[in-house]
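Chemist: Structure: model-v6.cif, mmCIF, C-alpha atoms and all ligand atoms.
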data_data
loop_
_atom_site.label_atom_id
_atom_site.label_comp_id
_atom_site.auth_asym_id
_atom_site.auth_seq_id
_atom_site.Cartn_x
_atom_site.Cartn_y
_atom_site.Cartn_z
CA MET A 1 -26.54 -66.83 -249.26
CA ALA A 2 -29.03 -65.77 -246.56
CA PRO A 3 -31.02 -62.65 -247.51
CA SER A 4 -30.09 -59.42 -245.75
CA PHE A 5 -32.80 -57.09 -244.54
CA LEU A 6 -30.30 -54.44 -243.47
CA SER A 7 -30.09 -51.50 -245.87
CA VAL A 8 -27.15 -49.11 -246.30
CA LEU A 9 -28.31 -45.91 -244.58
CA THR A 10 -27.48 -42.38 -245.74
CA GLY A 11 -29.36 -39.10 -245.54
CA SER A 12 -29.39 -35.37 -244.97
CA PHE A 13 -29.43 -33.15 -241.88
CA ALA A 14 -30.84 -29.65 -242.43
CA THR A 15 -33.58 -27.31 -241.29
CA PRO A 16 -35.89 -26.56 -242.97
CA ALA A 17 -35.70 -29.84 -244.87
CA ALA A 18 -39.12 -30.38 -246.44
CA GLU A 19 -38.23 -28.68 -249.73
CA ASN A 20 -34.85 -30.38 -250.18
CA PRO A 21 -35.16 -32.56 -253.33
CA THR A 22 -31.90 -34.48 -252.77
CA VAL A 23 -33.70 -37.53 -251.39
CA ALA A 24 -35.63 -38.00 -254.65
CA MET A 25 -32.46 -37.67 -256.72
CA VAL A 26 -30.30 -40.01 -254.61
CA GLU A 27 -32.95 -42.69 -254.10
CA ALA A 28 -33.63 -42.71 -257.87
CA ALA A 29 -29.94 -43.56 -258.33
CA TYR A 30 -30.06 -46.26 -255.62
CA ARG A 31 -33.11 -47.87 -257.30
CA HIS A 32 -31.56 -47.60 -260.77
CA HIS A 33 -28.41 -49.40 -259.64
CA GLY A 34 -30.33 -52.01 -257.61
CA LEU A 35 -28.69 -50.89 -254.35
CA ASP A 36 -30.33 -51.82 -251.07
CA ALA A 37 -29.70 -48.33 -249.72
CA ARG A 38 -31.85 -45.52 -248.33
CA TYR A 39 -31.42 -41.73 -248.09
CA ILE A 40 -33.40 -40.30 -245.18
CA ASN A 41 -34.23 -36.58 -245.29
CA CYS A 42 -34.07 -35.36 -241.65
CA ASP A 43 -35.16 -31.99 -240.26
CA VAL A 44 -32.53 -31.43 -237.57
CA ALA A 45 -32.62 -28.35 -235.31
CA PRO A 46 -29.24 -26.69 -234.57
CA ASP A 47 -29.28 -27.79 -230.91
CA ARG A 48 -29.84 -31.45 -231.93
CA LEU A 49 -27.09 -31.64 -234.56
CA ALA A 50 -24.58 -33.30 -232.21
CA ASP A 51 -27.18 -35.95 -231.27
CA ALA A 52 -28.01 -36.54 -234.94
CA VAL A 53 -24.34 -37.10 -235.85
CA CYS A 54 -23.87 -39.49 -232.88
CA GLY A 55 -27.11 -41.25 -233.77
CA ALA A 56 -26.01 -41.77 -237.37
CA MET A 57 -22.77 -43.34 -236.12
CA ALA A 58 -24.65 -45.51 -233.60
CA MET A 59 -27.02 -46.73 -236.34
CA GLY A 60 -24.19 -47.51 -238.72
CA TRP A 61 -25.03 -44.90 -241.38
CA ALA A 62 -22.54 -44.86 -244.26
CA GLY A 63 -22.66 -41.06 -244.38
CA PHE A 64 -24.82 -37.99 -244.67
CA ASN A 65 -25.14 -34.62 -246.34
CA CYS A 66 -25.32 -31.44 -244.29
CA SER A 67 -27.23 -28.50 -245.62
CA LEU A 68 -28.13 -25.10 -244.17
CA PRO A 69 -27.62 -24.17 -241.38
CA HIS A 70 -25.25 -27.00 -240.41
CA LYS A 71 -22.40 -26.83 -242.93
CA VAL A 72 -19.99 -25.06 -240.53
CA ALA A 73 -21.57 -26.11 -237.23
CA VAL A 74 -21.09 -29.81 -238.01
CA ILE A 75 -17.28 -29.52 -238.11
CA PRO A 76 -16.62 -29.94 -234.34
CA HIS A 77 -18.69 -33.16 -234.42
CA LEU A 78 -16.50 -34.79 -237.08
CA ASP A 79 -13.14 -36.53 -236.62
CA GLU A 80 -11.24 -35.36 -239.70
CA LEU A 81 -11.62 -32.99 -242.66
CA ASP A 82 -10.22 -33.48 -246.14
CA GLU A 83 -8.37 -30.68 -247.97
CA SER A 84 -11.48 -29.27 -249.69
CA ALA A 85 -13.45 -28.98 -246.46
CA GLN A 86 -10.47 -27.46 -244.63
CA LEU A 87 -9.94 -24.80 -247.29
CA ILE A 88 -13.62 -23.99 -247.77
CA GLY A 89 -14.27 -24.07 -244.02
CA ALA A 90 -17.53 -25.97 -244.47
CA VAL A 91 -18.71 -29.56 -244.82
CA ASN A 92 -21.69 -30.71 -246.86
CA CYS A 93 -20.86 -34.42 -246.90
CA ALA A 94 -19.73 -36.76 -244.12
CA VAL A 95 -18.36 -40.22 -244.82
CA ARG A 96 -18.00 -42.99 -242.23
CA ARG A 97 -14.55 -44.55 -242.04
CA GLY A 98 -14.86 -47.29 -239.39
CA ASP A 99 -15.93 -45.47 -236.26
CA ARG A 100 -14.78 -42.05 -237.49
CA TRP A 101 -16.49 -39.34 -239.54
CA LEU A 102 -14.55 -37.77 -242.42
CA GLY A 103 -15.91 -34.40 -243.54
CA THR A 104 -15.63 -33.27 -247.14
CA ASN A 105 -17.18 -30.60 -249.34
CA THR A 106 -18.64 -31.75 -252.63
CA ASP A 107 -20.38 -28.48 -253.66
CA GLY A 108 -17.36 -27.00 -255.44
CA GLN A 109 -16.24 -30.37 -256.80
CA GLY A 110 -19.75 -30.85 -258.19
CA PHE A 111 -19.59 -27.42 -259.79
CA VAL A 112 -16.23 -28.14 -261.44
CA ALA A 113 -17.42 -31.55 -262.69
CA SER A 114 -20.44 -29.85 -264.25
CA LEU A 115 -18.26 -27.05 -265.68
CA ARG A 116 -15.96 -29.59 -267.31
CA THR A 117 -18.86 -30.84 -269.45
CA VAL A 118 -18.54 -27.55 -271.40
CA VAL A 119 -15.11 -26.02 -270.63
CA GLU A 120 -11.82 -26.79 -268.86
CA PRO A 121 -11.14 -24.24 -266.09
CA THR A 122 -7.35 -24.40 -266.65
CA GLY A 123 -5.98 -20.87 -267.14
CA ALA A 124 -9.46 -19.33 -267.15
CA SER A 125 -10.45 -15.87 -266.01
CA VAL A 126 -13.58 -16.18 -263.84
CA VAL A 127 -16.13 -13.64 -262.61
CA LEU A 128 -17.92 -15.01 -259.54
CA PHE A 129 -21.02 -13.31 -258.12
CA GLY A 130 -21.46 -13.96 -254.38
CA ALA A 131 -19.18 -14.78 -251.47
CA GLY A 132 -21.33 -17.11 -249.36
CA GLY A 133 -20.96 -20.84 -248.84
CA ALA A 134 -21.61 -21.85 -252.46
CA ALA A 135 -19.25 -19.16 -253.79
CA ARG A 136 -16.44 -20.19 -251.40
CA ALA A 137 -16.72 -23.81 -252.52
CA ILE A 138 -16.81 -22.86 -256.21
CA ALA A 139 -13.87 -20.43 -255.87
CA VAL A 140 -11.62 -22.90 -254.05
CA GLU A 141 -12.31 -25.85 -256.35
CA SER A 142 -12.11 -23.75 -259.53
CA ALA A 143 -8.75 -22.38 -258.37
CA LEU A 144 -7.47 -25.86 -257.46
CA ALA A 145 -8.67 -27.05 -260.90
CA GLY A 146 -6.44 -24.43 -262.55
CA ALA A 147 -8.48 -21.23 -262.95
CA ALA A 148 -5.93 -18.42 -263.25
CA HIS A 149 -7.86 -15.40 -261.94
CA ILE A 150 -11.10 -14.97 -260.01
CA THR A 151 -12.92 -11.66 -259.63
CA VAL A 152 -15.31 -11.89 -256.67
CA VAL A 153 -18.29 -9.56 -257.16
CA ASN A 154 -20.17 -9.14 -253.90
CA ARG A 155 -22.57 -6.72 -252.24
CA SER A 156 -20.86 -6.94 -248.84
CA ALA A 157 -17.23 -5.82 -249.15
CA ALA A 158 -16.26 -7.58 -245.91
CA ARG A 159 -17.53 -11.00 -247.03
CA GLY A 160 -16.18 -10.53 -250.55
CA GLY A 161 -12.78 -9.48 -249.17
CA GLU A 162 -12.56 -12.60 -247.00
CA LEU A 163 -13.09 -14.80 -250.03
CA VAL A 164 -10.48 -12.88 -252.06
CA SER A 165 -7.94 -13.38 -249.23
CA LEU A 166 -8.76 -17.10 -249.08
CA ILE A 167 -8.16 -17.50 -252.83
CA ARG A 168 -4.92 -15.47 -252.76
CA ASP A 169 -3.50 -17.07 -249.61
CA ARG A 170 -4.51 -20.71 -250.01
CA THR A 171 -4.79 -21.45 -253.75
CA PRO A 172 -2.56 -20.86 -256.80
CA ALA A 173 -5.07 -18.42 -258.41
CA SER A 174 -4.94 -14.63 -258.26
CA ALA A 175 -8.06 -12.77 -257.11
CA GLU A 176 -9.61 -9.32 -256.81
CA LEU A 177 -12.75 -7.86 -255.29
CA ALA A 178 -15.40 -5.79 -257.06
CA VAL A 179 -17.92 -4.36 -254.62
CA TRP A 180 -21.36 -4.81 -256.20
CA ASP A 181 -23.00 -1.42 -255.67
CA HIS A 182 -23.60 -0.58 -259.34
CA ARG A 183 -24.53 -2.32 -262.61
CA TYR A 184 -21.52 -4.61 -263.09
CA VAL A 185 -19.76 -4.71 -266.44
CA VAL A 186 -18.18 -8.13 -267.06
CA PRO A 187 -14.61 -7.40 -268.25
CA ALA A 188 -13.73 -8.35 -271.83
CA GLY A 189 -11.64 -11.52 -271.84
CA THR A 190 -13.68 -13.18 -269.07
CA GLU A 191 -14.22 -16.84 -269.94
CA ILE A 192 -16.46 -18.05 -267.12
CA VAL A 193 -19.22 -16.12 -265.31
CA VAL A 194 -20.86 -17.74 -262.28
CA ASN A 195 -23.89 -16.71 -260.26
CA ALA A 196 -23.31 -18.10 -256.76
CA THR A 197 -25.87 -15.84 -255.08
CA SER A 198 -29.45 -16.85 -254.32
CA ILE A 199 -30.83 -14.36 -256.88
CA GLY A 200 -33.37 -16.12 -259.13
CA LEU A 201 -34.25 -18.93 -256.71
CA PHE A 202 -37.91 -20.03 -256.67
CA PRO A 203 -40.32 -18.31 -255.99
CA ASP A 204 -38.44 -15.10 -256.99
CA VAL A 205 -37.95 -16.46 -260.49
CA ASP A 206 -37.85 -13.16 -262.39
CA ALA A 207 -35.10 -11.61 -260.25
CA ARG A 208 -32.07 -10.58 -262.32
CA LEU A 209 -28.44 -9.90 -261.41
CA GLU A 210 -27.39 -6.24 -261.76
CA ILE A 211 -25.18 -6.87 -264.81
CA GLU A 212 -24.70 -4.85 -267.96
CA PRO A 213 -26.29 -7.27 -270.48
CA GLN A 214 -24.08 -6.09 -273.35
CA SER A 215 -20.99 -7.28 -271.44
CA ILE A 216 -22.04 -10.94 -271.83
CA GLY A 217 -21.34 -12.49 -275.19
CA PRO A 218 -20.29 -15.47 -277.31
CA GLY A 219 -17.19 -17.26 -276.11
CA MET A 220 -18.25 -16.99 -272.46
CA VAL A 221 -19.63 -19.77 -270.30
CA VAL A 222 -22.34 -18.49 -267.95
CA ALA A 223 -23.16 -20.82 -265.05
CA ASP A 224 -25.86 -20.52 -262.39
CA VAL A 225 -25.99 -22.35 -259.06
CA ILE A 226 -29.77 -21.98 -258.82
CA PRO A 227 -31.26 -25.46 -259.32
CA ASN A 228 -34.93 -24.37 -259.23
CA PRO A 229 -35.92 -23.12 -261.72
CA PRO A 230 -33.10 -24.57 -263.87
CA ARG A 231 -33.54 -21.90 -266.57
CA THR A 232 -33.00 -18.70 -264.60
CA GLY A 233 -33.36 -15.18 -265.98
CA LEU A 234 -29.54 -14.95 -266.09
CA LEU A 235 -29.24 -18.08 -268.24
CA ARG A 236 -32.08 -17.05 -270.56
CA ASP A 237 -30.45 -13.62 -271.12
CA ALA A 238 -26.97 -15.12 -271.57
CA GLU A 239 -28.21 -17.68 -274.08
CA GLN A 240 -29.84 -14.91 -276.12
CA ARG A 241 -26.49 -13.12 -276.21
CA GLY A 242 -24.76 -16.22 -277.57
CA ALA A 243 -23.04 -17.49 -274.41
CA THR A 244 -22.81 -21.18 -273.48
CA VAL A 245 -24.97 -21.75 -270.40
CA LEU A 246 -24.79 -24.23 -267.54
CA ASP A 247 -27.64 -24.66 -265.05
CA GLY A 248 -27.57 -25.41 -261.31
CA LEU A 249 -28.99 -28.89 -261.80
CA GLY A 250 -25.63 -30.00 -263.20
CA MET A 251 -23.87 -28.95 -259.97
CA LEU A 252 -26.54 -30.54 -257.75
CA VAL A 253 -26.42 -33.83 -259.64
CA SER A 254 -22.61 -33.90 -259.79
CA GLN A 255 -22.20 -33.33 -256.04
CA GLY A 256 -24.77 -36.12 -255.51
CA VAL A 257 -22.75 -38.47 -257.72
CA ILE A 258 -19.62 -37.73 -255.65
CA GLY A 259 -21.47 -38.34 -252.36
CA ILE A 260 -22.90 -41.66 -253.58
CA ARG A 261 -19.41 -42.74 -254.69
CA HIS A 262 -18.06 -41.96 -251.18
CA TRP A 263 -20.86 -43.87 -249.43
CA THR A 264 -21.39 -46.88 -251.70
CA GLY A 265 -18.46 -47.06 -254.14
CA ILE A 266 -20.93 -46.89 -257.07
CA ASP A 267 -20.53 -44.45 -259.98
CA ALA A 268 -24.15 -43.37 -260.19
CA ASP A 269 -25.90 -42.57 -263.48
CA ALA A 270 -26.08 -38.76 -263.59
CA GLY A 271 -28.77 -38.85 -266.31
CA VAL A 272 -31.21 -40.77 -264.12
CA MET A 273 -30.62 -38.30 -261.27
CA ARG A 274 -31.06 -35.25 -263.50
CA GLN A 275 -34.28 -36.56 -265.05
CA THR A 276 -35.71 -37.08 -261.56
CA LEU A 277 -35.02 -33.44 -260.65
CA GLU A 278 -36.30 -32.16 -263.99
CA ARG A 279 -39.60 -33.91 -263.33
CA LEU A 280 -39.80 -32.17 -259.93
CA PHE A 281 -38.82 -28.65 -261.01
CA VAL A 282 -40.73 -26.39 -263.36
CA ALA A 283 -38.39 -25.89 -266.31
P1 LIG B 1 -25.23 -17.69 -248.55
O1 LIG B 1 -26.36 -17.11 -247.77
O2 LIG B 1 -24.05 -18.25 -247.83
O3 LIG B 1 -24.65 -16.56 -249.57
C1 LIG B 1 -25.52 -15.81 -250.38
C2 LIG B 1 -24.73 -14.89 -251.29
O4 LIG B 1 -25.66 -14.24 -252.17
C3 LIG B 1 -23.98 -13.78 -250.57
O5 LIG B 1 -22.78 -13.51 -251.24
C4 LIG B 1 -24.95 -12.58 -250.68
O6 LIG B 1 -24.29 -11.34 -250.67
C5 LIG B 1 -25.52 -12.83 -252.06
N1 LIG B 1 -26.85 -12.25 -252.25
C6 LIG B 1 -28.04 -12.72 -251.81
N2 LIG B 1 -29.05 -11.93 -252.22
C7 LIG B 1 -28.48 -10.91 -252.93
C8 LIG B 1 -28.99 -9.78 -253.60
N3 LIG B 1 -30.29 -9.51 -253.64
N4 LIG B 1 -28.12 -8.97 -254.25
C9 LIG B 1 -26.79 -9.23 -254.23
N5 LIG B 1 -26.25 -10.29 -253.60
C10 LIG B 1 -27.07 -11.12 -252.94
O7 LIG B 1 -25.89 -18.78 -249.50
P2 LIG B 1 -25.18 -20.04 -250.19
O8 LIG B 1 -23.89 -19.61 -250.77
O9 LIG B 1 -25.21 -21.20 -249.29
O10 LIG B 1 -26.22 -20.37 -251.37
C11 LIG B 1 -26.37 -19.50 -252.49
C12 LIG B 1 -27.24 -20.20 -253.52
O11 LIG B 1 -26.54 -21.35 -254.00
C13 LIG B 1 -28.59 -20.71 -252.99
O12 LIG B 1 -29.61 -20.23 -253.81
C14 LIG B 1 -28.49 -22.22 -253.09
O13 LIG B 1 -29.74 -22.78 -253.52
C15 LIG B 1 -27.46 -22.41 -254.19
N6 LIG B 1 -26.73 -23.67 -254.06
C16 LIG B 1 -26.81 -24.55 -255.11
C17 LIG B 1 -26.14 -25.74 -255.04
C18 LIG B 1 -26.25 -26.69 -256.21
O14 LIG B 1 -25.79 -27.84 -256.06
N7 LIG B 1 -26.80 -26.27 -257.34
C19 LIG B 1 -25.33 -26.14 -253.89
C20 LIG B 1 -25.27 -25.12 -252.85
C21 LIG B 1 -25.97 -23.95 -252.94
P3 LIG B 1 -23.85 -10.62 -249.29
O15 LIG B 1 -22.58 -11.28 -248.84
O16 LIG B 1 -23.64 -9.21 -249.70
O17 LIG B 1 -24.99 -10.80 -248.33
#
The structure given in the file should be rewritten as structure tokens.
Modeler:
Amino acid sequence: MAPSFLSVLTGSFATPAAENPTVAMVEAAYRHHGLDARYINCDVAPDRLADAVCGAMAMGWAGFNCSLPHKVAVIPHLDELDESAQLIGAVNCAVRRGDRWLGTNTDGQGFVASLRTVVEPTGASVVLFGAGGAARAIAVESALAGAAHITVVNRSAARGGELVSLIRDRTPASAELAVWDHRYVVPAGTEIVVNATSIGLFPDVDARLEIEPQSIGPGMVVADVIPNPPRTGLLRDAEQRGATVLDGLGMLVSQGVIGIRHWTGIDADAGVMRQTLERLFVA
């Protein structure tokens, strides 16, 4: 067979983009599996997003990730959204189907895949801090995966209330809002606690959530979305109190695995991807 010098092209559109480690993680998987594929990290300004999406189609890209600030803005430039993206109202992964772009959202699916390595969400009572993009994705997918009740704890009542309505109206789970204007006491009986705010993200590594520490204990799973540093203050405290902890690298790797499956059909080795990120981030 004649050699092919044409690689499968994938990548990311975001701005800023220089600190996004996804390229290292995805290309490590491509190399590990011997795929002739590339992941190009692109800094795309908001007013050039439409051009970037058209350009990717013109150049035959298999798909791309969208990160901030494009996750909602990209939607009018796509042809179709799957159920996750429709419910969440944001797209972080586009997949080429012939000459059409399908938009999906792998953030919440990645979170649930990571969660399932330690606990099944079925019937669980969840406390979720935050109501931004990551929290919406996590809430929707956790509810679709069977979580019974989600308490959204958020500083802004308006944003928190919108997420509660979304969960109640569009998923089988029940939901309530706790406005986060005081030290929050995690209710007894909570099985899963999730930080989906940006508190603890590098360089603000010592920032802590306003939580009553005594309310976290054994029998709870405490998960953080923060990938860098992987061991946040929340996880260190929770581990000391006997909880099972889950870091944000698991979610990042799992959503990468789902994206690679969409674009190449390969089930990528999550261990190789995680080790690449661990080498990049200060543990
Ligand atoms: P958004 O800006 O959409 O939402 C941020 C949320 O954090 C809001 O609910 C906001 O509350 C809350 N928040 C921020 N600072 C504070 C504070 N000091 N006190 C209380 N609440 C606060 O961000 P995203 O949802 O897109 O991202 C959140 C985090 O998730 C980021 O750090 C990102 O790195 C991480 N992430 C990780 C992924 C992974 O794969 N591991 C994937 C996607 C995101 P309010 O509404 O009151 O402003």
Chemist: Pick out the residues sitting within 7 Å of A:Asp247, and hand them over as a PyMOL selection string; count only C-alpha atoms, and ignore anything fewer than 3 positions along from it in its own chain.
Modeler: chain A and resi 223-225+227+230-231+250
Chemist: Measuring atom to atom with all atoms listed in the file, identify which of A:Val53, A:Ala139, A:Ala158, A:Met59 is nearest to ligand LIG 1 (chain B).
Modeler: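 Of A:Val53, A:Ala139, A:Ala158, A:Met59, the one nearest ligand LIG 1 (chain B) is A:Ala158, counting all atoms listed in the file.
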Chemist: In Å to one decimal, how far is atom C15 of ligand LIG 1 (chain B) from atom CA of A:Trp180?
Modeler: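 So the two atoms, atom CA of A:Trp180 and atom C15 of ligand LIG 1 (chain B), lie 18.7 Å apart.
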Chemist: What are the closest atom pairs, with distances in Å to one decimal, for all residues of chain A lying within 8 Å of ligand LIG 1 (chain B)? Consider only C-alpha atoms and all ligand atoms, order rows by chain and residue number, and present the result as a tab-separated table.
Modeler:
residue	atom	partner	partner_atom	distance
A:Leu68	CA	B:LIG1	O9	7.1
A:Asp107	CA	B:LIG1	C19	5.5
A:Gly110	CA	B:LIG1	O14	7.1
A:Phe111	CA	B:LIG1	O14	7.2
A:Phe129	CA	B:LIG1	O5	7.1
A:Gly130	CA	B:LIG1	O5	3.4
A:Ala131	CA	B:LIG1	O5	3.8
A:Gly132	CA	B:LIG1	O2	3.3
A:Gly133	CA	B:LIG1	O8	3.7
A:Ala134	CA	B:LIG1	O8	3.6
A:Ala135	CA	B:LIG1	O8	5.6
A:Arg136	CA	B:LIG1	O8	7.5
A:Asn154	CA	B:LIG1	O16	5.4
A:Arg155	CA	B:LIG1	O16	3.7
A:Ser156	CA	B:LIG1	O16	3.7
A:Ala157	CA	B:LIG1	O16	7.3
A:Ala158	CA	B:LIG1	O15	7.9
A:Arg159	CA	B:LIG1	O15	5.4
A:Gly160	CA	B:LIG1	O15	6.7
A:Trp180	CA	B:LIG1	C9	7.3
A:Ala196	CA	B:LIG1	O11	5.3
A:Thr197	CA	B:LIG1	O4	3.3
A:Ser198	CA	B:LIG1	O12	3.4
A:Ile199	CA	B:LIG1	N2	5.5
A:Gly200	CA	B:LIG1	O12	7.7
A:Leu201	CA	B:LIG1	O12	5.6
A:Leu209	CA	B:LIG1	N4	7.2
A:Asp224	CA	B:LIG1	N7	7.7
A:Val225	CA	B:LIG1	N7	4.4
A:Ile226	CA	B:LIG1	C15	5.2
A:Pro227	CA	B:LIG1	N7	4.9
A:Asn228	CA	B:LIG1	O13	7.9
A:Asp247	CA	B:LIG1	N7	7.9
A:Gly248	CA	B:LIG1	N7	4.1
A:Leu249	CA	B:LIG1	N7	5.6
A:Gly250	CA	B:LIG1	N7	7.0
A:Met251	CA	B:LIG1	O14	4.5
A:Leu252	CA	B:LIG1	O14	3.3
A:Val253	CA	B:LIG1	O14	7.0
A:Ser254	CA	B:LIG1	O14	7.8
A:Gln255	CA	B:LIG1	O14	6.6
Chemist: So, with only C-alpha atoms as the atoms that count, which of A:Glu191, A:Asp36, A:Glu27, A:Asp79 lies closest to A:Met57?
Modeler: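 Using only C-alpha atoms, A:Met57 sits closest to A:Asp79.
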Chemist: Work out how far apart atom CA of A:Ala58 and atom CA of A:Cys93 are and give it in Å to one decimal.
Modeler: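 Distance between the two atoms: 17.7 Å.
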Chemist: Identify, on the basis of all atoms listed in the file, every residue whose closest approach to stretch 162-176 of chain A does not exceed 6 Å; exclude the query and any residue fewer than 3 positions from it along the same chain; express the result as an mmCIF file with C-alpha atoms, keeping the file's coordinate frame.
Modeler:
data_model
loop_
_atom_site.group_PDB
_atom_site.id
_atom_site.type_symbol
_atom_site.label_atom_id
_atom_site.label_comp_id
_atom_site.auth_asym_id
_atom_site.auth_seq_id
_atom_site.Cartn_x
_atom_site.Cartn_y
_atom_site.Cartn_z
ATOM 1 C CA ALA A 143 -8.750 -22.380 -258.370
ATOM 2 C CA ALA A 148 -5.930 -18.420 -263.250
ATOM 3 C CA HIS A 149 -7.860 -15.400 -261.940
ATOM 4 C CA ILE A 150 -11.100 -14.970 -260.010
ATOM 5 C CA THR A 151 -12.920 -11.660 -259.630
ATOM 6 C CA ARG A 159 -17.530 -11.000 -247.030
#
Chemist: Which residue is closest to A:Pro218? Choose from A:Val245, A:Ala24, A:Ala94, A:Ile75 and count only C-alpha atoms.
Modeler: A:Val245
Chemist: List as JSON, numbers by chain the residues having at least one atom at most 6 Å from position (-3.8, -20.7, -266.2) as given in the file, counting all atoms listed in the file.
Modeler: {"A": [122, 123, 124, 146, 147, 148]}
Chemist: Based on the selection just made, write C-alpha atoms of those residues as a JSON list (two decimals), keeping the file's coordinate frame.
Modeler:
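Result saved to out.json:
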[["chain", "number", "residue", "atom", "x", "y", "z"],
["A", 122, "THR", "CA", -7.35, -24.40, -266.65],
["A", 123, "GLY", "CA", -5.98, -20.87, -267.14],
["A", 124, "ALA", "CA", -9.46, -19.33, -267.15],
["A", 146, "GLY", "CA", -6.44, -24.43, -262.55],
["A", 147, "ALA", "CA", -8.48, -21.23, -262.95],
["A", 148, "ALA", "CA", -5.93, -18.42, -263.25]]
Chemist: Under the rule that only C-alpha atoms are counted, which of A:Val194, A:Val186, A:Leu277, A:Leu102 is the nearest residue to A:Val26?
Modeler: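 Closest to A:Val26 of all the choices is A:Leu277.
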Chemist: I'd like to know which of A:Leu6, A:Ala14, A:Val221, A:Val95 is closest to A:Pro46, using all atoms listed in the file.
Modeler: A:Ala14
Chemist: Considering only C-alpha atoms, can you say which of A:Ala45, A:Ile88, A:Ser7, A:Asp99 comes closest to A:Tyr30?
Modeler: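 Closest candidate: A:Ser7.
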